[in-house]
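Heads up, coords_6.cif below (mmCIF, N, CA, C and O atoms and all ligand atoms):
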```cif
data_data
#
loop_
_atom_site.label_atom_id
_atom_site.label_comp_id
_atom_site.auth_asym_id
_atom_site.auth_seq_id
_atom_site.Cartn_x
_atom_site.Cartn_y
_atom_site.Cartn_z
N MET A 1 -3.13 -18.85 7.47
CA MET A 1 -3.98 -18.89 6.30
C MET A 1 -4.30 -17.47 5.84
O MET A 1 -4.49 -16.57 6.64
N ALA A 2 -4.31 -17.27 4.52
CA ALA A 2 -4.59 -15.94 3.96
C ALA A 2 -6.03 -15.88 3.45
O ALA A 2 -6.57 -16.87 2.98
N ASP A 3 -6.61 -14.71 3.57
CA ASP A 3 -7.99 -14.54 3.14
C ASP A 3 -8.18 -13.14 2.56
O ASP A 3 -7.58 -12.18 3.06
N TRP A 4 -9.00 -13.03 1.51
CA TRP A 4 -9.26 -11.71 0.93
C TRP A 4 -10.17 -10.92 1.86
O TRP A 4 -11.20 -11.42 2.30
N THR A 5 -9.77 -9.70 2.17
CA THR A 5 -10.51 -8.82 3.07
C THR A 5 -11.00 -7.60 2.30
O THR A 5 -10.23 -6.96 1.58
N ASP A 6 -12.27 -7.29 2.48
CA ASP A 6 -12.90 -6.12 1.86
C ASP A 6 -12.46 -4.88 2.64
O ASP A 6 -12.73 -4.77 3.84
N VAL A 7 -11.75 -3.94 1.98
CA VAL A 7 -11.22 -2.78 2.70
C VAL A 7 -11.83 -1.45 2.28
O VAL A 7 -11.70 -0.46 3.01
N ALA A 8 -12.50 -1.40 1.11
CA ALA A 8 -13.05 -0.11 0.67
C ALA A 8 -13.93 -0.33 -0.56
O ALA A 8 -13.86 -1.38 -1.22
N ALA A 9 -14.74 0.66 -0.83
CA ALA A 9 -15.49 0.66 -2.09
C ALA A 9 -14.55 1.03 -3.22
O ALA A 9 -13.65 1.87 -3.04
N ALA A 10 -14.74 0.43 -4.38
CA ALA A 10 -13.84 0.67 -5.51
C ALA A 10 -13.80 2.14 -5.89
O ALA A 10 -12.74 2.66 -6.29
N GLU A 11 -14.93 2.86 -5.77
CA GLU A 11 -14.93 4.27 -6.19
C GLU A 11 -14.11 5.17 -5.26
O GLU A 11 -13.78 6.29 -5.62
N GLU A 12 -13.75 4.67 -4.07
CA GLU A 12 -12.89 5.45 -3.18
C GLU A 12 -11.44 5.47 -3.66
O GLU A 12 -10.66 6.34 -3.28
N LEU A 13 -11.07 4.47 -4.45
CA LEU A 13 -9.69 4.34 -4.91
C LEU A 13 -9.52 5.08 -6.23
O LEU A 13 -9.96 4.63 -7.28
N ILE A 14 -8.90 6.24 -6.13
CA ILE A 14 -8.72 7.11 -7.29
C ILE A 14 -7.32 6.90 -7.86
O ILE A 14 -6.33 6.85 -7.12
N GLU A 15 -7.29 6.75 -9.19
CA GLU A 15 -6.01 6.54 -9.89
C GLU A 15 -4.95 7.55 -9.43
O GLU A 15 -5.19 8.76 -9.46
N GLY A 16 -3.82 7.04 -8.98
CA GLY A 16 -2.70 7.91 -8.63
C GLY A 16 -2.74 8.50 -7.23
O GLY A 16 -1.80 9.17 -6.83
N GLU A 17 -3.84 8.26 -6.49
CA GLU A 17 -3.95 8.84 -5.15
C GLU A 17 -3.96 7.74 -4.08
O GLU A 17 -4.90 6.95 -4.03
N PRO A 18 -2.92 7.70 -3.22
CA PRO A 18 -2.88 6.69 -2.17
C PRO A 18 -4.11 6.79 -1.26
O PRO A 18 -4.53 7.88 -0.89
N LEU A 19 -4.67 5.63 -0.92
CA LEU A 19 -5.86 5.56 -0.07
C LEU A 19 -5.51 4.79 1.20
O LEU A 19 -5.02 3.66 1.13
N VAL A 20 -5.77 5.39 2.35
CA VAL A 20 -5.52 4.72 3.62
C VAL A 20 -6.73 3.88 3.99
O VAL A 20 -7.87 4.35 3.93
N VAL A 21 -6.47 2.62 4.35
CA VAL A 21 -7.55 1.73 4.79
C VAL A 21 -7.06 0.96 6.02
O VAL A 21 -5.86 0.90 6.30
N GLU A 22 -8.02 0.39 6.73
CA GLU A 22 -7.67 -0.45 7.88
C GLU A 22 -8.16 -1.86 7.62
O GLU A 22 -9.24 -2.06 7.08
N ALA A 23 -7.36 -2.82 8.02
CA ALA A 23 -7.74 -4.23 7.92
C ALA A 23 -7.22 -4.92 9.17
O ALA A 23 -6.00 -5.02 9.35
N GLY A 24 -8.13 -5.33 10.03
CA GLY A 24 -7.69 -5.90 11.31
C GLY A 24 -6.93 -4.85 12.09
O GLY A 24 -7.38 -3.72 12.26
N ASP A 25 -5.72 -5.22 12.54
CA ASP A 25 -4.89 -4.29 13.30
C ASP A 25 -3.96 -3.47 12.41
O ASP A 25 -3.16 -2.69 12.91
N CYS A 26 -4.05 -3.66 11.10
CA CYS A 26 -3.09 -3.02 10.19
C CYS A 26 -3.66 -1.77 9.55
O CYS A 26 -4.84 -1.73 9.17
N VAL A 27 -2.82 -0.76 9.41
CA VAL A 27 -3.15 0.40 8.59
C VAL A 27 -2.38 0.23 7.29
O VAL A 27 -1.15 0.04 7.29
N LEU A 28 -3.12 0.28 6.19
CA LEU A 28 -2.55 -0.01 4.88
C LEU A 28 -2.74 1.18 3.95
O LEU A 28 -3.61 2.02 4.17
N VAL A 29 -1.93 1.21 2.91
CA VAL A 29 -2.13 2.19 1.84
C VAL A 29 -2.31 1.43 0.54
O VAL A 29 -1.51 0.57 0.19
N VAL A 30 -3.44 1.73 -0.14
CA VAL A 30 -3.77 1.06 -1.39
C VAL A 30 -3.63 2.08 -2.52
O VAL A 30 -3.99 3.25 -2.36
N MET A 31 -3.08 1.64 -3.65
CA MET A 31 -2.85 2.52 -4.78
C MET A 31 -3.30 1.86 -6.07
O MET A 31 -3.27 0.64 -6.19
N SER A 32 -3.70 2.69 -7.03
CA SER A 32 -4.12 2.20 -8.33
C SER A 32 -3.37 2.98 -9.40
O SER A 32 -3.26 4.21 -9.33
N HIS A 33 -2.85 2.23 -10.38
CA HIS A 33 -2.15 2.87 -11.48
C HIS A 33 -2.32 2.01 -12.73
O HIS A 33 -1.92 0.86 -12.75
N ARG A 34 -2.95 2.58 -13.75
CA ARG A 34 -3.17 1.89 -15.03
C ARG A 34 -3.78 0.50 -14.83
O ARG A 34 -3.33 -0.48 -15.41
N GLY A 35 -4.77 0.42 -13.96
CA GLY A 35 -5.50 -0.82 -13.76
C GLY A 35 -4.83 -1.79 -12.80
O GLY A 35 -5.37 -2.85 -12.50
N GLN A 36 -3.64 -1.45 -12.33
CA GLN A 36 -2.93 -2.32 -11.40
C GLN A 36 -3.11 -1.79 -9.98
O GLN A 36 -2.86 -0.61 -9.72
N VAL A 37 -3.55 -2.66 -9.07
CA VAL A 37 -3.78 -2.27 -7.69
C VAL A 37 -2.66 -2.82 -6.83
O VAL A 37 -2.25 -3.97 -6.98
N SER A 38 -2.13 -1.98 -5.94
CA SER A 38 -1.05 -2.42 -5.05
C SER A 38 -1.36 -1.97 -3.63
O SER A 38 -2.16 -1.05 -3.41
N CYS A 39 -0.72 -2.61 -2.67
CA CYS A 39 -1.01 -2.32 -1.27
C CYS A 39 0.26 -2.54 -0.43
O CYS A 39 0.92 -3.57 -0.56
N LEU A 40 0.55 -1.56 0.41
CA LEU A 40 1.67 -1.66 1.35
C LEU A 40 1.17 -1.35 2.75
O LEU A 40 0.16 -0.64 2.92
N GLU A 41 1.92 -1.83 3.74
CA GLU A 41 1.65 -1.36 5.10
C GLU A 41 2.01 0.13 5.12
O GLU A 41 3.01 0.55 4.53
N ASP A 42 1.19 0.93 5.81
CA ASP A 42 1.37 2.39 5.78
C ASP A 42 2.42 2.84 6.79
O ASP A 42 2.19 3.76 7.58
N VAL A 43 3.57 2.19 6.75
CA VAL A 43 4.63 2.50 7.71
C VAL A 43 5.99 2.44 7.00
O VAL A 43 6.36 1.41 6.43
N CYS A 44 6.72 3.54 7.07
CA CYS A 44 8.08 3.55 6.53
C CYS A 44 9.00 2.82 7.50
O CYS A 44 8.93 3.04 8.72
N THR A 45 9.87 1.99 6.96
CA THR A 45 10.76 1.20 7.81
C THR A 45 11.96 2.00 8.30
O THR A 45 12.73 1.50 9.12
N HIS A 46 12.13 3.23 7.82
CA HIS A 46 13.23 4.05 8.34
C HIS A 46 12.91 4.55 9.73
O HIS A 46 13.63 4.30 10.68
N ASP A 47 11.77 5.27 9.85
CA ASP A 47 11.44 5.83 11.16
C ASP A 47 9.93 5.99 11.33
O ASP A 47 9.48 6.92 12.00
N GLY A 48 9.17 5.11 10.68
CA GLY A 48 7.73 5.07 10.94
C GLY A 48 6.89 6.12 10.23
O GLY A 48 5.73 6.33 10.59
N GLY A 49 7.42 6.77 9.22
CA GLY A 49 6.66 7.79 8.49
C GLY A 49 5.42 7.20 7.82
O GLY A 49 5.40 6.02 7.46
N PRO A 50 4.38 8.03 7.64
CA PRO A 50 3.15 7.57 6.99
C PRO A 50 3.29 7.59 5.47
O PRO A 50 3.20 8.65 4.84
N LEU A 51 3.52 6.44 4.87
CA LEU A 51 3.77 6.37 3.42
C LEU A 51 2.60 6.92 2.62
O LEU A 51 2.78 7.47 1.53
N SER A 52 1.39 6.80 3.15
CA SER A 52 0.20 7.26 2.43
C SER A 52 0.22 8.77 2.17
O SER A 52 -0.49 9.26 1.30
N GLU A 53 1.05 9.49 2.92
CA GLU A 53 1.13 10.94 2.72
C GLU A 53 2.27 11.31 1.77
O GLU A 53 2.55 12.49 1.55
N GLY A 54 2.90 10.29 1.21
CA GLY A 54 4.04 10.53 0.32
C GLY A 54 3.62 10.61 -1.13
O GLY A 54 2.44 10.61 -1.48
N CYS A 55 4.62 10.67 -1.98
CA CYS A 55 4.41 10.86 -3.41
C CYS A 55 4.40 9.50 -4.12
O CYS A 55 5.35 8.73 -4.03
N PHE A 56 3.30 9.22 -4.84
CA PHE A 56 3.13 7.97 -5.59
C PHE A 56 3.30 8.28 -7.07
O PHE A 56 2.60 9.12 -7.62
N ASP A 57 4.26 7.58 -7.71
CA ASP A 57 4.50 7.86 -9.13
C ASP A 57 4.06 6.72 -10.04
O ASP A 57 4.38 6.70 -11.23
N GLY A 58 3.33 5.76 -9.48
CA GLY A 58 2.86 4.63 -10.28
C GLY A 58 3.64 3.36 -9.97
O GLY A 58 3.08 2.28 -9.94
N GLY A 59 4.95 3.50 -9.74
CA GLY A 59 5.77 2.34 -9.43
C GLY A 59 6.37 2.39 -8.04
O GLY A 59 6.68 1.36 -7.46
N THR A 60 6.52 3.61 -7.53
CA THR A 60 7.11 3.76 -6.21
C THR A 60 6.29 4.73 -5.36
O THR A 60 5.53 5.55 -5.88
N LEU A 61 6.47 4.59 -4.06
CA LEU A 61 5.84 5.49 -3.09
C LEU A 61 6.96 6.04 -2.23
O LEU A 61 7.74 5.29 -1.65
N ALA A 62 7.07 7.38 -2.16
CA ALA A 62 8.16 8.03 -1.42
C ALA A 62 7.65 8.48 -0.06
O ALA A 62 6.60 9.10 0.05
N CYS A 63 8.42 8.17 0.97
CA CYS A 63 8.06 8.59 2.32
C CYS A 63 8.10 10.12 2.41
O CYS A 63 9.05 10.75 1.94
N PRO A 64 7.08 10.72 3.04
CA PRO A 64 7.05 12.19 3.13
C PRO A 64 8.07 12.75 4.11
O PRO A 64 8.35 13.94 4.09
N ARG A 65 8.64 11.91 4.96
CA ARG A 65 9.53 12.45 6.00
C ARG A 65 10.95 12.65 5.51
O ARG A 65 11.51 13.73 5.65
N HIS A 66 11.58 11.61 4.97
CA HIS A 66 12.97 11.77 4.53
C HIS A 66 13.19 11.25 3.11
O HIS A 66 14.32 11.13 2.66
N GLY A 67 12.10 10.92 2.43
CA GLY A 67 12.18 10.65 0.99
C GLY A 67 12.53 9.25 0.54
O GLY A 67 12.70 9.03 -0.66
N ALA A 68 12.64 8.29 1.45
CA ALA A 68 12.93 6.91 1.00
C ALA A 68 11.82 6.43 0.06
O ALA A 68 10.64 6.69 0.29
N LYS A 69 12.22 5.73 -1.00
CA LYS A 69 11.23 5.21 -1.96
C LYS A 69 11.09 3.70 -1.80
O LYS A 69 12.08 2.98 -1.63
N PHE A 70 9.82 3.26 -1.91
CA PHE A 70 9.50 1.84 -1.81
C PHE A 70 8.82 1.38 -3.09
O PHE A 70 7.98 2.10 -3.65
N ASP A 71 9.15 0.16 -3.53
CA ASP A 71 8.47 -0.46 -4.65
C ASP A 71 7.05 -0.81 -4.21
O ASP A 71 6.87 -1.52 -3.21
N VAL A 72 6.03 -0.35 -4.93
CA VAL A 72 4.65 -0.55 -4.46
C VAL A 72 4.17 -1.99 -4.65
O VAL A 72 3.18 -2.39 -4.05
N GLN A 73 4.85 -2.77 -5.48
CA GLN A 73 4.44 -4.16 -5.66
C GLN A 73 5.11 -5.10 -4.66
O GLN A 73 4.48 -6.02 -4.15
N THR A 74 6.37 -4.83 -4.36
CA THR A 74 7.11 -5.76 -3.50
C THR A 74 7.38 -5.22 -2.10
O THR A 74 7.72 -5.98 -1.20
N GLY A 75 7.26 -3.90 -1.93
CA GLY A 75 7.60 -3.29 -0.65
C GLY A 75 9.08 -3.04 -0.46
O GLY A 75 9.51 -2.51 0.57
N GLU A 76 9.89 -3.43 -1.45
CA GLU A 76 11.35 -3.27 -1.34
C GLU A 76 11.73 -1.80 -1.14
O GLU A 76 11.17 -0.92 -1.80
N ALA A 77 12.67 -1.56 -0.24
CA ALA A 77 13.21 -0.22 -0.05
C ALA A 77 14.22 0.04 -1.16
O ALA A 77 15.22 -0.67 -1.28
N LEU A 78 13.94 1.04 -1.99
CA LEU A 78 14.76 1.29 -3.17
C LEU A 78 15.82 2.36 -2.94
O LEU A 78 16.82 2.39 -3.65
N THR A 79 15.54 3.27 -2.01
CA THR A 79 16.50 4.36 -1.77
C THR A 79 16.67 4.59 -0.26
O THR A 79 15.77 4.31 0.52
N MET A 80 17.82 5.13 0.09
CA MET A 80 18.11 5.52 1.48
C MET A 80 17.17 6.66 1.87
O MET A 80 16.73 7.39 0.98
N PRO A 81 16.91 6.87 3.15
CA PRO A 81 17.56 6.20 4.27
C PRO A 81 16.91 4.87 4.69
O PRO A 81 17.40 4.27 5.64
N ALA A 82 15.87 4.41 4.02
CA ALA A 82 15.29 3.11 4.39
C ALA A 82 16.14 1.99 3.80
O ALA A 82 16.59 2.08 2.65
N THR A 83 16.35 0.94 4.57
CA THR A 83 17.12 -0.21 4.08
C THR A 83 16.31 -1.50 4.16
O THR A 83 16.69 -2.50 3.55
N GLN A 84 15.21 -1.50 4.90
CA GLN A 84 14.39 -2.70 5.05
C GLN A 84 13.08 -2.53 4.29
O GLN A 84 12.53 -1.42 4.24
N PRO A 85 12.55 -3.62 3.73
CA PRO A 85 11.28 -3.53 3.01
C PRO A 85 10.11 -3.26 3.96
O PRO A 85 10.18 -3.63 5.14
N THR A 86 9.08 -2.62 3.44
CA THR A 86 7.83 -2.57 4.18
C THR A 86 6.96 -3.70 3.66
O THR A 86 7.21 -4.24 2.58
N LYS A 87 5.95 -4.08 4.41
CA LYS A 87 5.16 -5.25 4.03
C LYS A 87 4.26 -4.94 2.84
O LYS A 87 3.60 -3.90 2.83
N ALA A 88 4.26 -5.82 1.86
CA ALA A 88 3.42 -5.68 0.68
C ALA A 88 2.32 -6.74 0.71
O ALA A 88 2.55 -7.86 1.19
N PHE A 89 1.16 -6.37 0.20
CA PHE A 89 0.01 -7.27 0.17
C PHE A 89 -0.54 -7.34 -1.25
O PHE A 89 -0.54 -6.33 -1.96
N SER A 90 -1.07 -8.49 -1.61
CA SER A 90 -1.80 -8.59 -2.87
C SER A 90 -3.11 -7.82 -2.73
O SER A 90 -3.72 -7.84 -1.66
N ALA A 91 -3.52 -7.16 -3.80
CA ALA A 91 -4.76 -6.38 -3.76
C ALA A 91 -5.45 -6.49 -5.12
O ALA A 91 -4.81 -6.72 -6.16
N LYS A 92 -6.77 -6.33 -5.11
CA LYS A 92 -7.53 -6.40 -6.35
C LYS A 92 -8.84 -5.63 -6.20
O LYS A 92 -9.28 -5.33 -5.08
N ILE A 93 -9.45 -5.32 -7.34
CA ILE A 93 -10.80 -4.76 -7.35
C ILE A 93 -11.71 -5.82 -7.94
O ILE A 93 -11.43 -6.38 -9.01
N GLU A 94 -12.79 -6.10 -7.22
CA GLU A 94 -13.75 -7.12 -7.67
C GLU A 94 -15.11 -6.80 -7.08
O GLU A 94 -15.21 -6.43 -5.90
N ASP A 95 -16.15 -6.92 -7.89
CA ASP A 95 -17.52 -6.68 -7.44
C ASP A 95 -17.69 -5.30 -6.80
O ASP A 95 -18.41 -5.14 -5.81
N GLY A 96 -16.99 -4.31 -7.35
CA GLY A 96 -17.13 -2.94 -6.85
C GLY A 96 -16.46 -2.67 -5.53
O GLY A 96 -16.69 -1.62 -4.91
N ARG A 97 -15.60 -3.58 -5.09
CA ARG A 97 -14.91 -3.41 -3.80
C ARG A 97 -13.41 -3.57 -4.00
O ARG A 97 -12.95 -4.20 -4.96
N VAL A 98 -12.64 -3.03 -3.06
CA VAL A 98 -11.19 -3.22 -3.03
C VAL A 98 -10.91 -4.33 -2.01
O VAL A 98 -11.38 -4.27 -0.87
N TRP A 99 -10.13 -5.31 -2.43
CA TRP A 99 -9.83 -6.47 -1.59
C TRP A 99 -8.32 -6.57 -1.37
O TRP A 99 -7.54 -6.35 -2.29
N VAL A 100 -7.93 -6.94 -0.15
CA VAL A 100 -6.52 -7.14 0.19
C VAL A 100 -6.36 -8.53 0.78
O VAL A 100 -7.18 -8.95 1.61
N LEU A 101 -5.31 -9.23 0.34
CA LEU A 101 -5.07 -10.58 0.84
C LEU A 101 -4.30 -10.49 2.16
O LEU A 101 -3.12 -10.10 2.19
N MET A 102 -4.98 -10.82 3.25
CA MET A 102 -4.41 -10.69 4.59
C MET A 102 -4.11 -12.06 5.18
O MET A 102 -4.89 -13.00 5.01
N GLU A 103 -2.98 -12.14 5.88
CA GLU A 103 -2.69 -13.37 6.65
C GLU A 103 -3.55 -13.36 7.90
O GLU A 103 -3.71 -12.32 8.53
N GLU A 104 -4.08 -14.52 8.26
CA GLU A 104 -4.91 -14.62 9.47
C GLU A 104 -4.00 -14.67 10.69
O GLU A 104 -2.93 -15.21 10.64
S1 LIG A 201 10.66 7.99 8.15
FE1 LIG A 201 10.51 7.48 6.04
S2 LIG A 201 12.42 8.07 5.17
FE2 LIG A 201 12.59 8.55 7.27
#
```

Produce structure tokens that represent the structure in this file.
Ligand code: FES
Amino acid sequence: MADWTDVAAAEELIEGEPLVVEAGDCVLVVMSHRGQVSCLEDVCTHDGGPLSEGCFDGGTLACPRHGAKFDVQTGEALTMPATQPTKAFSAKIEDGRVWVLMEE
């Protein structure tokens, strides 16, 4: 079962700047671009790089270690050396908080 989890105050999420949050056992990166909120697991599928330290251009997040790019909405690996998707989560801002839809 999936449930919305409160992960941060909305004012912590700055447009264009990846925000690291924790939800349960997961470390996630939340991003905001033009009113759209997205969330990925903060782990590159190539070799475990911290995606939150990479470059976010609004549609993709590039791993800081070897540059693989991931689609921030789907988690799809778009460029080498990553070939597997990272986990993507639904995210939203509501009532002044950032919420992520987590599987129980
Ligand atoms: S660890 Fe991310 S591209 Fe290598």

Centre, edges in Å (one decimal): axis-aligned box, range 47-63 of chain A, 5 Å padding on all six sides, as AutoDock Vina command-line options:
```
--center_x 5.6 --center_y 6.9 --center_z 0.4 --size_x 22.3 --size_y 21.1 --size_z 33.2
```

ask   = Within 5 Å of ligand LIG 201 (chain A), counting all atoms listed in the file, which protein or nucleic acid residues do you find, written as a PyMOL selection string?
value = chain A and resi 44+46-49+63+65-68

task = Once DSSP has gone over the backbone, tell me which residues of chain A are in strand (DSSP E or B), as JSON, numbers by chain.
result = {"A": [2, 3, 4, 5, 6, 7, 8, 9, 19, 20, 21, 22, 23, 26, 27, 28, 29, 30, 31, 32, 33, 36, 37, 38, 39, 40, 41, 55, 56, 60, 61, 62, 69, 70, 71, 77, 88, 89, 91, 92, 93, 94, 97, 98, 99, 100, 101, 102, 103]}

Using all atoms listed in the file, I'd like a table of the residues in range 17-67 of chain A that come within 8 Å of range 72-96 of chain A; for each, show the closest atom pair and its distance in Å rounded to one decimal, ordered by chain and ascending number, as a Markdown table.
```
| residue | atom | partner | partner_atom | distance |
| --- | --- | --- | --- | --- |
| A:Val27 | O | A:Lys87 | O | 7.6 |
| A:Leu28 | CA | A:Lys87 | O | 7.6 |
| A:Val29 | O | A:Val72 | O | 7.0 |
| A:Val30 | CA | A:Ala91 | CA | 7.9 |
| A:Met31 | O | A:Val72 | O | 7.4 |
| A:Gly35 | O | A:Ile93 | N | 7.0 |
| A:Gln36 | C | A:Ala91 | O | 6.5 |
| A:Val37 | O | A:Ala91 | O | 3.8 |
| A:Ser38 | CA | A:Val72 | O | 4.3 |
| A:Cys39 | O | A:Phe89 | N | 2.9 |
| A:Leu40 | CA | A:Lys87 | O | 3.3 |
| A:Glu41 | N | A:Lys87 | O | 2.8 |
| A:Asp42 | N | A:Lys87 | O | 6.2 |
| A:Val43 | O | A:Thr86 | CA | 4.8 |
| A:Cys44 | C | A:Gln84 | O | 6.4 |
| A:Thr45 | CA | A:Gln84 | O | 4.8 |
| A:His46 | CA | A:Ala82 | CA | 4.6 |
| A:Asp47 | N | A:Ala82 | CA | 6.8 |
| A:Gly58 | O | A:Val72 | CA | 6.4 |
| A:Gly59 | O | A:Val72 | N | 3.1 |
| A:Thr60 | CA | A:Val72 | N | 4.4 |
| A:Leu61 | N | A:Val72 | N | 5.0 |
| A:His66 | O | A:Met80 | O | 4.8 |
| A:Gly67 | C | A:Met80 | O | 4.6 |
```

inquiry  = I'd like the interatomic distance between CA of Phe56 in chain A and CA of Trp4 in chain A, to a tenth of an Å.
reply    = 24.2 Å

message = Env of Ala62 in chain A: 8 Å cut, atoms = all atoms listed in the file, seq-sep filter 4 positions within chain, self excluded. Answer as a PyMOL selection string.
response = chain A and resi 50-57+66-71

Please rebuild range 63-71 of chain A with all heavy atoms and return the result as a PDB file, in the coordinates of the input.
```pdb
ATOM      1  N   CYS A  63       8.420   8.170   0.970  1.00  0.00           N
ATOM      2  CA  CYS A  63       8.060   8.590   2.320  1.00  0.00           C
ATOM      3  C   CYS A  63       8.100  10.120   2.410  1.00  0.00           C
ATOM      4  O   CYS A  63       9.050  10.750   1.940  1.00  0.00           O
ATOM      5  CB  CYS A  63       9.048   7.983   3.313  1.00  0.00           C
ATOM      6  SG  CYS A  63       8.704   8.478   5.012  1.00  0.00           S
ATOM      7  N   PRO A  64       7.080  10.720   3.040  1.00  0.00           N
ATOM      8  CA  PRO A  64       7.050  12.190   3.130  1.00  0.00           C
ATOM      9  C   PRO A  64       8.070  12.750   4.110  1.00  0.00           C
ATOM     10  O   PRO A  64       8.350  13.940   4.090  1.00  0.00           O
ATOM     11  CB  PRO A  64       5.620  12.476   3.606  1.00  0.00           C
ATOM     12  CG  PRO A  64       5.229  11.266   4.385  1.00  0.00           C
ATOM     13  CD  PRO A  64       5.891  10.106   3.668  1.00  0.00           C
ATOM     14  N   ARG A  65       8.640  11.910   4.960  1.00  0.00           N
ATOM     15  CA  ARG A  65       9.530  12.450   6.000  1.00  0.00           C
ATOM     16  C   ARG A  65      10.950  12.650   5.510  1.00  0.00           C
ATOM     17  O   ARG A  65      11.510  13.730   5.650  1.00  0.00           O
ATOM     18  CB  ARG A  65       9.476  11.557   7.241  1.00  0.00           C
ATOM     19  CG  ARG A  65       8.105  11.688   7.924  1.00  0.00           C
ATOM     20  CD  ARG A  65       8.006  10.972   9.228  1.00  0.00           C
ATOM     21  NE  ARG A  65       9.035  11.375  10.149  1.00  0.00           N
ATOM     22  CZ  ARG A  65       9.349  10.673  11.237  1.00  0.00           C
ATOM     23  NH1 ARG A  65       8.718   9.551  11.513  1.00  0.00           N
ATOM     24  NH2 ARG A  65      10.285  11.084  12.047  1.00  0.00           N
ATOM     25  N   HIS A  66      11.580  11.610   4.970  1.00  0.00           N
ATOM     26  CA  HIS A  66      12.970  11.770   4.530  1.00  0.00           C
ATOM     27  C   HIS A  66      13.190  11.250   3.110  1.00  0.00           C
ATOM     28  O   HIS A  66      14.320  11.130   2.660  1.00  0.00           O
ATOM     29  CB  HIS A  66      13.933  11.043   5.484  1.00  0.00           C
ATOM     30  CG  HIS A  66      13.692  11.340   6.928  1.00  0.00           C
ATOM     31  ND1 HIS A  66      13.115  10.425   7.782  1.00  0.00           N
ATOM     32  CD2 HIS A  66      13.902  12.467   7.647  1.00  0.00           C
ATOM     33  CE1 HIS A  66      13.007  10.976   8.990  1.00  0.00           C
ATOM     34  NE2 HIS A  66      13.456  12.205   8.926  1.00  0.00           N
ATOM     35  N   GLY A  67      12.100  10.920   2.430  1.00  0.00           N
ATOM     36  CA  GLY A  67      12.180  10.650   0.990  1.00  0.00           C
ATOM     37  C   GLY A  67      12.530   9.250   0.540  1.00  0.00           C
ATOM     38  O   GLY A  67      12.700   9.030  -0.660  1.00  0.00           O
ATOM     39  N   ALA A  68      12.640   8.290   1.450  1.00  0.00           N
ATOM     40  CA  ALA A  68      12.930   6.910   1.000  1.00  0.00           C
ATOM     41  C   ALA A  68      11.820   6.430   0.060  1.00  0.00           C
ATOM     42  O   ALA A  68      10.640   6.690   0.290  1.00  0.00           O
ATOM     43  CB  ALA A  68      13.026   5.980   2.203  1.00  0.00           C
ATOM     44  N   LYS A  69      12.220   5.730  -1.000  1.00  0.00           N
ATOM     45  CA  LYS A  69      11.230   5.210  -1.960  1.00  0.00           C
ATOM     46  C   LYS A  69      11.090   3.700  -1.800  1.00  0.00           C
ATOM     47  O   LYS A  69      12.080   2.980  -1.630  1.00  0.00           O
ATOM     48  CB  LYS A  69      11.667   5.520  -3.391  1.00  0.00           C
ATOM     49  CG  LYS A  69      11.509   6.984  -3.757  1.00  0.00           C
ATOM     50  CD  LYS A  69      11.767   7.205  -5.234  1.00  0.00           C
ATOM     51  CE  LYS A  69      11.495   8.654  -5.589  1.00  0.00           C
ATOM     52  NZ  LYS A  69      11.712   8.901  -7.026  1.00  0.00           N
ATOM     53  N   PHE A  70       9.820   3.260  -1.910  1.00  0.00           N
ATOM     54  CA  PHE A  70       9.500   1.840  -1.810  1.00  0.00           C
ATOM     55  C   PHE A  70       8.820   1.380  -3.090  1.00  0.00           C
ATOM     56  O   PHE A  70       7.980   2.100  -3.650  1.00  0.00           O
ATOM     57  CB  PHE A  70       8.559   1.600  -0.621  1.00  0.00           C
ATOM     58  CG  PHE A  70       9.206   1.863   0.705  1.00  0.00           C
ATOM     59  CD1 PHE A  70       9.224   3.147   1.235  1.00  0.00           C
ATOM     60  CD2 PHE A  70       9.828   0.846   1.406  1.00  0.00           C
ATOM     61  CE1 PHE A  70       9.828   3.409   2.455  1.00  0.00           C
ATOM     62  CE2 PHE A  70      10.443   1.093   2.633  1.00  0.00           C
ATOM     63  CZ  PHE A  70      10.451   2.375   3.153  1.00  0.00           C
ATOM     64  N   ASP A  71       9.150   0.160  -3.530  1.00  0.00           N
ATOM     65  CA  ASP A  71       8.470  -0.460  -4.650  1.00  0.00           C
ATOM     66  C   ASP A  71       7.050  -0.810  -4.210  1.00  0.00           C
ATOM     67  O   ASP A  71       6.870  -1.520  -3.210  1.00  0.00           O
ATOM     68  CB  ASP A  71       9.225  -1.730  -5.075  1.00  0.00           C
ATOM     69  CG  ASP A  71       8.622  -2.396  -6.293  1.00  0.00           C
ATOM     70  OD1 ASP A  71       7.418  -2.755  -6.263  1.00  0.00           O
ATOM     71  OD2 ASP A  71       9.358  -2.577  -7.268  1.00  0.00           O
TER      72      ASP A  71
END
```
